[in-house]
Each structure stands twice: as C-alpha cells, then as structure tokens.
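Structure file data_17.cif (mmCIF, C-alpha atoms) follows.
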```cif
data_structure
#
loop_
_atom_site.group_PDB
_atom_site.id
_atom_site.type_symbol
_atom_site.label_atom_id
_atom_site.label_comp_id
_atom_site.auth_asym_id
_atom_site.auth_seq_id
_atom_site.Cartn_x
_atom_site.Cartn_y
_atom_site.Cartn_z
ATOM 1 C CA MET A 14 -167.487 180.255 36.859
ATOM 2 C CA LYS A 15 -167.145 180.064 40.655
ATOM 3 C CA ALA A 16 -164.958 177.400 42.253
ATOM 4 C CA THR A 17 -166.874 175.057 44.534
ATOM 5 C CA PHE A 18 -165.408 173.493 47.701
ATOM 6 C CA PRO A 19 -165.962 169.720 47.673
ATOM 7 C CA ALA A 20 -168.685 168.820 50.167
ATOM 8 C CA SER A 21 -166.849 165.673 51.257
ATOM 9 C CA ILE A 22 -163.750 167.638 52.365
ATOM 10 C CA LEU A 23 -165.893 170.188 54.231
ATOM 11 C CA PHE A 24 -167.646 167.353 56.050
ATOM 12 C CA LEU A 25 -164.302 165.763 57.027
ATOM 13 C CA ILE A 26 -162.916 169.044 58.443
ATOM 14 C CA THR A 27 -166.097 169.580 60.459
ATOM 15 C CA MET A 28 -165.894 166.099 61.993
ATOM 16 C CA ILE A 29 -162.274 166.757 63.095
ATOM 17 C CA LEU A 30 -162.820 170.228 64.576
ATOM 18 C CA ILE A 31 -165.994 169.552 66.573
ATOM 19 C CA PRO A 32 -164.403 167.098 69.097
ATOM 20 C CA LEU A 33 -161.442 169.471 69.616
ATOM 21 C CA SER A 34 -163.482 172.611 70.222
ATOM 22 C CA PRO A 35 -163.946 172.100 74.048
ATOM 23 C CA LEU A 36 -160.165 172.055 74.461
ATOM 24 C CA TRP A 37 -159.655 175.527 72.928
ATOM 25 C CA GLY A 38 -160.864 177.332 76.065
ATOM 26 C CA GLN A 39 -159.195 174.980 78.565
ATOM 27 C CA GLN A 40 -156.651 176.652 80.905
ATOM 28 C CA LYS A 41 -153.839 175.022 82.847
ATOM 29 C CA THR A 42 -154.294 175.144 86.633
ATOM 30 C CA VAL A 43 -151.570 174.804 89.264
ATOM 31 C CA MET A 44 -152.230 171.994 91.696
ATOM 32 C CA PRO A 45 -151.611 173.041 95.313
ATOM 33 C CA GLN A 46 -148.681 171.225 96.910
ATOM 34 C CA SER A 47 -151.000 169.709 99.535
ATOM 35 C CA GLN A 48 -153.152 168.164 96.775
ATOM 36 C CA LYS A 49 -150.381 166.791 94.543
ATOM 37 C CA SER A 50 -150.006 163.119 93.803
ATOM 38 C CA SER A 51 -148.175 160.722 96.081
ATOM 39 C CA ALA A 52 -144.826 161.050 94.265
ATOM 40 C CA PRO A 53 -141.932 161.127 96.793
ATOM 41 C CA THR A 54 -140.492 164.561 97.658
ATOM 42 C CA VAL A 55 -137.509 165.798 99.669
ATOM 43 C CA SER A 56 -137.395 169.222 101.325
ATOM 44 C CA PHE A 57 -135.143 171.242 103.616
ATOM 45 C CA PHE A 58 -136.654 173.130 106.543
ATOM 46 C CA VAL A 59 -135.608 175.623 109.181
ATOM 47 C CA GLU A 60 -137.631 176.492 112.265
ATOM 48 C CA GLY A 61 -137.433 179.035 115.057
ATOM 49 C CA ASN A 62 -139.040 178.121 118.394
ATOM 50 C CA TYR A 63 -139.706 179.815 121.694
ATOM 51 C CA PHE A 64 -139.254 177.089 124.292
ATOM 52 C CA GLY A 65 -140.741 177.221 127.778
ATOM 53 C CA PRO A 66 -139.287 174.188 129.587
ATOM 54 C CA LYS A 67 -139.751 173.348 133.243
ATOM 55 C CA PHE A 68 -136.304 174.116 134.642
ATOM 56 C CA ALA A 69 -137.386 173.484 138.243
ATOM 57 C CA GLU A 70 -135.238 170.367 138.658
ATOM 58 C CA VAL A 71 -132.170 172.002 137.078
ATOM 59 C CA ASN A 72 -132.594 175.071 139.287
ATOM 60 C CA ALA A 73 -132.938 172.774 142.314
ATOM 61 C CA VAL A 74 -129.507 171.290 141.547
ATOM 62 C CA TYR A 75 -128.047 174.814 141.522
ATOM 63 C CA SER A 76 -129.747 175.621 144.820
ATOM 64 C CA THR A 77 -128.113 172.563 146.389
ATOM 65 C CA ILE A 78 -124.689 173.600 145.058
ATOM 66 C CA GLU A 79 -125.154 177.145 146.371
ATOM 67 C CA ASN A 80 -126.154 175.902 149.825
ATOM 68 C CA ASN A 81 -123.265 173.461 150.038
ATOM 69 C CA LEU A 82 -120.661 176.015 148.890
ATOM 70 C CA SER A 83 -122.197 179.050 150.645
ATOM 71 C CA LEU A 84 -122.730 180.849 147.331
ATOM 72 C CA PRO A 85 -125.388 183.589 146.942
ATOM 73 C CA ALA A 86 -128.692 182.524 145.385
ATOM 74 C CA GLY A 87 -128.557 182.985 141.634
ATOM 75 C CA THR A 88 -131.232 183.759 139.055
ATOM 76 C CA ASP A 89 -133.245 180.773 137.827
ATOM 77 C CA PHE A 90 -132.925 179.453 134.273
ATOM 78 C CA LYS A 91 -136.060 180.187 132.244
ATOM 79 C CA ASN A 92 -137.460 180.203 128.701
ATOM 80 C CA TYR A 93 -135.223 180.526 125.649
ATOM 81 C CA TYR A 94 -135.191 180.519 121.847
ATOM 82 C CA PHE A 95 -134.283 177.391 119.892
ATOM 83 C CA VAL A 96 -133.350 177.009 116.189
ATOM 84 C CA LEU A 97 -134.107 173.746 114.400
ATOM 85 C CA ALA A 98 -133.188 172.595 110.882
ATOM 86 C CA GLY A 99 -133.388 169.339 108.963
ATOM 87 C CA VAL A 100 -134.433 167.328 105.932
ATOM 88 C CA ARG A 101 -137.902 165.851 105.387
ATOM 89 C CA PHE A 102 -138.608 162.878 103.091
ATOM 90 C CA SER A 103 -142.248 162.491 102.048
ATOM 91 C CA PRO A 104 -143.047 159.210 100.250
ATOM 92 C CA SER A 105 -146.618 160.531 99.841
ATOM 93 C CA ASN A 106 -148.578 163.696 100.614
ATOM 94 C CA THR A 107 -149.900 162.142 103.836
ATOM 95 C CA GLN A 108 -146.735 160.740 105.444
ATOM 96 C CA ALA A 109 -143.183 161.961 106.066
ATOM 97 C CA ILE A 110 -140.077 161.217 108.075
ATOM 98 C CA GLN A 111 -137.487 163.838 108.948
ATOM 99 C CA GLY A 112 -134.056 164.214 110.495
ATOM 100 C CA GLU A 113 -133.681 167.193 112.862
ATOM 101 C CA PHE A 114 -130.724 169.095 114.258
ATOM 102 C CA GLY A 115 -130.825 172.184 116.425
ATOM 103 C CA GLY A 116 -129.394 174.210 119.227
ATOM 104 C CA SER A 117 -129.595 177.225 121.465
ATOM 105 C CA VAL A 118 -127.102 179.533 123.169
ATOM 106 C CA LEU A 119 -128.333 181.933 125.842
ATOM 107 C CA LYS A 120 -126.640 184.296 128.280
ATOM 108 C CA THR A 121 -128.526 186.291 130.915
ATOM 109 C CA VAL A 122 -127.106 188.698 133.468
ATOM 110 C CA LYS A 123 -129.243 189.587 136.473
ATOM 111 C CA ASP A 124 -128.732 190.422 140.129
ATOM 112 C CA ASN A 125 -126.046 188.215 141.701
ATOM 113 C CA SER A 126 -125.323 185.877 138.793
ATOM 114 C CA THR A 127 -124.722 185.378 135.084
ATOM 115 C CA ASN A 128 -126.401 182.339 133.555
ATOM 116 C CA PHE A 129 -125.037 180.665 130.434
ATOM 117 C CA LEU A 130 -126.954 177.919 128.610
ATOM 118 C CA GLN A 131 -125.825 175.821 125.672
ATOM 119 C CA GLU A 132 -128.077 173.118 124.245
ATOM 120 C CA TYR A 133 -127.735 170.828 121.208
ATOM 121 C CA TYR A 134 -130.288 168.397 119.838
ATOM 122 C CA GLY A 135 -130.351 165.646 117.228
ATOM 123 C CA GLY A 136 -133.237 163.333 116.403
ATOM 124 C CA GLY A 137 -136.029 162.395 114.049
ATOM 125 C CA SER A 138 -139.802 162.492 113.680
ATOM 126 C CA TYR A 139 -142.620 160.723 111.861
ATOM 127 C CA ILE A 140 -145.306 163.042 110.449
ATOM 128 C CA LEU A 141 -148.880 162.227 109.436
ATOM 129 C CA SER A 142 -150.582 164.926 107.310
ATOM 130 C CA PHE A 143 -154.210 165.652 106.479
ATOM 131 C CA PRO A 144 -154.185 167.633 103.174
ATOM 132 C CA LEU A 145 -156.752 170.355 102.527
ATOM 133 C CA PRO A 146 -156.896 172.929 99.688
ATOM 134 C CA MET A 147 -153.693 175.030 99.935
ATOM 135 C CA ILE A 148 -153.014 173.934 103.540
ATOM 136 C CA SER A 149 -152.247 170.791 105.491
ATOM 137 C CA VAL A 150 -152.870 169.881 109.116
ATOM 138 C CA TYR A 151 -150.230 167.542 110.509
ATOM 139 C CA ALA A 152 -149.262 165.713 113.673
ATOM 140 C CA GLY A 153 -146.510 163.359 114.674
ATOM 141 C CA GLY A 154 -143.844 162.412 117.155
ATOM 142 C CA GLY A 155 -140.300 161.232 117.491
ATOM 143 C CA LEU A 156 -137.168 160.583 119.512
ATOM 144 C CA GLY A 157 -133.903 162.420 119.981
ATOM 145 C CA CYS A 158 -130.945 163.196 122.185
ATOM 146 C CA VAL A 159 -130.204 166.472 124.021
ATOM 147 C CA TRP A 160 -126.815 167.711 125.197
ATOM 148 C CA LEU A 161 -127.344 170.342 127.900
ATOM 149 C CA ASN A 162 -124.544 172.528 129.272
ATOM 150 C CA THR A 163 -125.353 175.193 131.858
ATOM 151 C CA GLN A 164 -123.122 177.449 133.907
ATOM 152 C CA ARG A 165 -123.711 180.088 136.570
ATOM 153 C CA THR A 166 -121.101 182.696 137.474
ATOM 154 C CA TYR A 167 -121.530 184.717 140.668
ATOM 155 C CA SER A 168 -120.712 188.428 140.765
ATOM 156 C CA THR A 169 -120.791 189.057 144.527
ATOM 157 C CA ARG A 170 -118.439 186.194 145.290
ATOM 158 C CA LEU A 171 -115.873 184.437 143.111
ATOM 159 C CA GLY A 172 -117.331 181.112 142.060
ATOM 160 C CA VAL A 173 -118.660 179.150 139.080
ATOM 161 C CA ALA A 174 -121.160 176.290 139.178
ATOM 162 C CA GLU A 175 -121.916 173.938 136.280
ATOM 163 C CA VAL A 176 -124.688 171.439 135.561
ATOM 164 C CA ASN A 177 -124.173 169.400 132.379
ATOM 165 C CA ALA A 178 -126.166 166.397 131.203
ATOM 166 C CA GLN A 179 -127.080 164.177 128.288
ATOM 167 C CA LEU A 180 -130.798 163.487 127.968
ATOM 168 C CA ALA A 181 -133.015 161.177 125.900
ATOM 169 C CA GLN A 182 -135.993 163.028 124.428
ATOM 170 C CA MET A 183 -139.491 162.126 123.281
ATOM 171 C CA HIS A 184 -141.664 164.739 121.568
ATOM 172 C CA GLY A 185 -145.049 165.286 119.994
ATOM 173 C CA ILE A 186 -145.776 167.701 117.128
ATOM 174 C CA VAL A 187 -148.876 169.455 115.755
ATOM 175 C CA GLY A 188 -148.907 172.063 113.019
ATOM 176 C CA LEU A 189 -150.735 173.941 110.296
ATOM 177 C CA GLU A 190 -148.819 174.261 107.018
ATOM 178 C CA PHE A 191 -149.513 176.735 104.194
ATOM 179 C CA PHE A 192 -148.267 176.039 100.655
ATOM 180 C CA ASN A 193 -147.066 178.393 97.938
ATOM 181 C CA PRO A 194 -147.503 177.271 94.262
ATOM 182 C CA SER A 195 -143.686 177.228 94.014
ATOM 183 C CA GLY A 196 -143.573 174.451 96.604
ATOM 184 C CA VAL A 197 -142.264 176.592 99.473
ATOM 185 C CA SER A 198 -144.279 176.074 102.665
ATOM 186 C CA PHE A 199 -144.837 178.061 105.859
ATOM 187 C CA ALA A 200 -146.076 176.432 109.041
ATOM 188 C CA LEU A 201 -147.146 177.298 112.558
ATOM 189 C CA GLU A 202 -145.930 174.447 114.745
ATOM 190 C CA GLY A 203 -146.241 173.438 118.367
ATOM 191 C CA ARG A 204 -144.219 170.799 120.212
ATOM 192 C CA TYR A 205 -144.222 169.100 123.568
ATOM 193 C CA ASN A 206 -140.781 167.860 124.603
ATOM 194 C CA TYR A 207 -139.972 165.458 127.421
ATOM 195 C CA ALA A 208 -136.305 164.696 128.081
ATOM 196 C CA THR A 209 -134.706 162.753 130.909
ATOM 197 C CA THR A 210 -131.069 162.208 131.862
ATOM 198 C CA ILE A 211 -129.124 159.171 130.656
ATOM 199 C CA SER A 212 -126.875 157.430 133.211
ATOM 200 C CA PRO A 213 -126.290 160.453 135.491
ATOM 201 C CA ARG A 214 -122.969 160.524 137.367
ATOM 202 C CA ARG A 215 -124.689 161.522 140.617
ATOM 203 C CA ALA A 216 -128.198 161.144 142.014
ATOM 204 C CA ASP A 217 -128.727 164.912 142.149
ATOM 205 C CA LEU A 218 -128.026 165.138 138.392
ATOM 206 C CA ASP A 219 -130.940 162.835 137.570
ATOM 207 C CA PHE A 220 -133.630 165.212 136.278
ATOM 208 C CA THR A 221 -136.131 165.851 133.489
ATOM 209 C CA LEU A 222 -136.493 168.778 131.115
ATOM 210 C CA LYS A 223 -139.995 169.147 129.708
ATOM 211 C CA GLY A 224 -142.192 171.860 128.247
ATOM 212 C CA ILE A 225 -144.028 173.345 125.279
ATOM 213 C CA ALA A 226 -142.367 175.020 122.282
ATOM 214 C CA GLY A 227 -144.074 177.100 119.595
ATOM 215 C CA GLY A 228 -142.612 178.546 116.438
ATOM 216 C CA ILE A 229 -142.601 179.238 112.705
ATOM 217 C CA ARG A 230 -141.291 176.795 110.123
ATOM 218 C CA ILE A 231 -140.192 177.352 106.499
ATOM 219 C CA GLY A 232 -139.800 174.433 104.085
ATOM 220 C CA VAL A 233 -138.014 174.546 100.719
ATOM 221 C CA PRO A 234 -138.347 171.641 98.263
ATOM 222 C CA ILE A 235 -135.142 169.997 97.077
ATOM 223 C CA ILE A 236 -136.635 167.224 94.929
ATOM 224 C CA LEU A 237 -140.200 167.365 93.584
#
```
How would this structure read if it were set down as structure tokens?
Amino acid sequence: MKATFPASILFLITMILIPLSPLWGQQKTVMPQSQKSSAPTVSFFVEGNYFGPKFAEVNAVYSTIENNLSLPAGTDFKNYYFVLAGVRFSPSNTQAIQGEFGGSVLKTVKDNSTNFLQEYYGGGSYILSFPLPMISVYAGGGLGCVWLNTQRTYSTRLGVAEVNAQLAQMHGIVGLEFFNPSGVSFALEGRYNYATTISPRRADLDFTLKGIAGGIRIGVPIIL
C-alpha cells in the first residue's frame, strides 16, 4: 500500500513558497557613493594643483627694490605647484564643509637671479554637490589665509631682496568627482583664488595675488 502525502500539508507548503519565489533570484547591488542616503560621512583628501597666479604686483615690488639699490633685473616669479590636504564633513550627499591646509616651496635659477618661494595656506570651504550615477558635479567657495615668503638672490652682484606678506583669501571651486564602490573618490578640480594683503607695513607691500589653479583630488572615507 502506497503512502499518501496529506493534501492539507501540501497546500500549506505551496502557499508559503509562492510568495518567496521572487526573492530567490534577487541579487545584491552596490549603491554608488554619489547615490547613497544622506547619512553623515567624513573623509580625508589630498590634492595637487598647478597654480597660475598673477605675480605682476609682487614682481613690481622687486623691480622697485632693484632700481633703488642698483641691483640687476631679476627673473619674474611665475606659476608653481601647490599641495592641498584636509578633512571633509558631509552631513548629506549634496552638502559638505571642509578644512584645508596646504603649501608650496619653489626654487628657480635663471640668468642673473635665484628665486625662492615659500607659501602656506589654511582655510575652509562650503561645497554644494549635484549627484549623478557614479559621479558628482560640485561647486563651492570659501575663505582662508595665505602666508607668502619670497626671496631673490643675485648672482652678478652680492645682494638679497625679500618680499613677505600675509594675505586674506577668497576662492571659488568647481569640480567633477568620480566614485569607486569602496568609497574612494577621484576628482578633477578647478579653483579661482583672490588674496590681498592684510595690514601691510609699507604702501609698496600692498598687493593682490590672484589666479586659476587646476588639479587632481583623491578622497578617502574615514567614517561612512
């Protein structure tokens, strides 16, 4: 005699399995960082920039010094590289604030002079982002302070000239950021910086330092 499976139990099993069947083929997908929820995040970033400031006013100060002291005309200060690092706090995926610290050291030897430049920067920025799949377009601005130390040594005649200043800076930022599923981001960023001297000791040391910087930025999440 064959054993029969109770029809009531078979019916009960069928009613349980049918609602679950769509879930069997479901796969887990990784949400791009730019599309994640608005949970706060903290990240560390480092950025390398090529800065093309207008050094005309700084070079004019050196020209005045050279004329007054009968020094040979030196080589003008020009573009330089700048390294920036900081921490970004993002309360949502559309807004962020960040603290920034950076600097540059440059030495150039040409013709009658050797130019030495030392610059340090500290400040902050507010960022507004527009998330898209896997990328984010962002823009923002901020304030900071610049410590500029420059020196020119002359080879044809013994003499050293210095122009040092502390400047208040305003800047604007635009960028395009690419996200890795791990949370690491890569960005192409452009900046416009405008800095002016604070309480100069002499009238000829009252100048501005402005220009466009472009570079590559890498961000690493600390808290997700």
Counting only C-alpha atoms, which residues of region 200-233 of chain A sit at most 10 Å from some atom of region 162-182 of chain A, and what is each one's closest atom pair with its distance in Å to one decimal, listed by chain and rising residue number, as a Markdown table?
```
| residue | atom | partner | partner_atom | distance |
| --- | --- | --- | --- | --- |
| A:Asn206 | CA | A:Gln182 | CA | 6.8 |
| A:Tyr207 | CA | A:Gln182 | CA | 5.5 |
| A:Ala208 | CA | A:Gln182 | CA | 4.0 |
| A:Thr209 | CA | A:Leu180 | CA | 4.9 |
| A:Thr210 | CA | A:Leu180 | CA | 4.1 |
| A:Ile211 | CA | A:Leu180 | CA | 5.4 |
| A:Ser212 | CA | A:Gln179 | CA | 8.4 |
| A:Pro213 | CA | A:Ala178 | CA | 7.3 |
| A:Arg214 | CA | A:Ala178 | CA | 9.1 |
| A:Leu218 | CA | A:Ala178 | CA | 7.5 |
| A:Asp219 | CA | A:Ala178 | CA | 8.7 |
| A:Phe220 | CA | A:Leu180 | CA | 8.9 |
| A:Thr221 | CA | A:Leu180 | CA | 8.0 |
| A:Leu222 | CA | A:Leu180 | CA | 8.4 |
| A:Lys223 | CA | A:Gln182 | CA | 9.0 |
```
Inset, instruction - Please identify all polymer residues lying at most 7 Å from the point (-137.2, 175.6, 105.3) (file coordinates), using all atoms listed in the file, and present the result as a ChimeraX atom specification. - result: /A:57-59,230-233
Inset, instruction - Decode the PyMOL selection byres ((chain A and resi 188) around 7) for the given file into explicit residues and return them as an MDAnalysis selection string. - result: chainID A and resid 150:152 186:187 189:190 200:203
Legend entry - Residues near Ser56 (chain A), cut-off 9 Å, all atoms listed in the file, skip fewer than 3 positions along chain, as a VMD selection string: chain A and resid 99 to 103 232 to 237
Legend entry - Hits from the PyMOL selection byres ((chain A and resi 135) around 12), listed as a PyMOL selection string: chain A and resi 96-99+111-116+132-134+136-138+155-160+179-183
Output C-alpha atoms for every residue in that selection, as a PDB file, in the coordinates of the input.
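Output file selection30.pdb follows:
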```pdb
ATOM      1  CA  VAL A  96    -133.350 177.009 116.189  1.00  0.00           C
ATOM      2  CA  LEU A  97    -134.107 173.746 114.400  1.00  0.00           C
ATOM      3  CA  ALA A  98    -133.188 172.595 110.882  1.00  0.00           C
ATOM      4  CA  GLY A  99    -133.388 169.339 108.963  1.00  0.00           C
ATOM      5  CA  GLN A 111    -137.487 163.838 108.948  1.00  0.00           C
ATOM      6  CA  GLY A 112    -134.056 164.214 110.495  1.00  0.00           C
ATOM      7  CA  GLU A 113    -133.681 167.193 112.862  1.00  0.00           C
ATOM      8  CA  PHE A 114    -130.724 169.095 114.258  1.00  0.00           C
ATOM      9  CA  GLY A 115    -130.825 172.184 116.425  1.00  0.00           C
ATOM     10  CA  GLY A 116    -129.394 174.210 119.227  1.00  0.00           C
ATOM     11  CA  GLU A 132    -128.077 173.118 124.245  1.00  0.00           C
ATOM     12  CA  TYR A 133    -127.735 170.828 121.208  1.00  0.00           C
ATOM     13  CA  TYR A 134    -130.288 168.397 119.838  1.00  0.00           C
ATOM     14  CA  GLY A 136    -133.237 163.333 116.403  1.00  0.00           C
ATOM     15  CA  GLY A 137    -136.029 162.395 114.049  1.00  0.00           C
ATOM     16  CA  SER A 138    -139.802 162.492 113.680  1.00  0.00           C
ATOM     17  CA  GLY A 155    -140.300 161.232 117.491  1.00  0.00           C
ATOM     18  CA  LEU A 156    -137.168 160.583 119.512  1.00  0.00           C
ATOM     19  CA  GLY A 157    -133.903 162.420 119.981  1.00  0.00           C
ATOM     20  CA  CYS A 158    -130.945 163.196 122.185  1.00  0.00           C
ATOM     21  CA  VAL A 159    -130.204 166.472 124.021  1.00  0.00           C
ATOM     22  CA  TRP A 160    -126.815 167.711 125.197  1.00  0.00           C
ATOM     23  CA  GLN A 179    -127.080 164.177 128.288  1.00  0.00           C
ATOM     24  CA  LEU A 180    -130.798 163.487 127.968  1.00  0.00           C
ATOM     25  CA  ALA A 181    -133.015 161.177 125.900  1.00  0.00           C
ATOM     26  CA  GLN A 182    -135.993 163.028 124.428  1.00  0.00           C
ATOM     27  CA  MET A 183    -139.491 162.126 123.281  1.00  0.00           C
TER      28      MET A 183
END
```
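Closest to Ile148 (chain A) among A:Thr121, A:Phe95, A:Asn193, A:Ile78 is A:Asn193, based on only C-alpha atoms.
Between Phe90 (chain A) and the residues A:Leu145, A:Ala52, A:Ala69, A:Ala109, the shortest atom-to-atom distance, using only C-alpha atoms, involves A:Ala69.
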Please determine an axis-aligned box that encloses all atoms of region 109-119 of chain A listed in the file, with 6 Å added on each side, and express its centre and edge lengths in Å to one decimal as lines of an AutoDock Vina configuration file.
```
center_x = -135.1
center_y = 171.6
center_z = 116.0
size_x = 28.1
size_y = 32.7
size_z = 31.8
```
Inset, instruction - For CA of Gly154 (chain A) and CA of Gly185 (chain A), quote the distance in Å rounded to one decimal. - result: 4.2 Å
Legend entry - Atomic distance CA of Arg204 (chain A) - CA of Thr107 (chain A), expressed in Å with one decimal: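 Between CA of Arg204 (chain A) and CA of Thr107 (chain A) the gap works out to 19.4 Å.
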Inset, instruction - Determine the nearest neighbour of Ile225 (chain A) from the options A:Gly196, A:Gly87, A:Pro104, A:Pro66, counting all atoms listed in the file. - result: A:Pro66
Inset, instruction - Work out how far CA of Tyr139 (chain A) is from CA of Phe64 (chain A), in Å to one decimal. - result: 20.8 Å
Legend entry - Counting all atoms listed in the file, the residue of A:Glu79, A:Lys91, A:Gln108, A:Met147 that sits nearest Val197 (chain A):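 Selected residue with least distance to Val197 (chain A): A:Met147.
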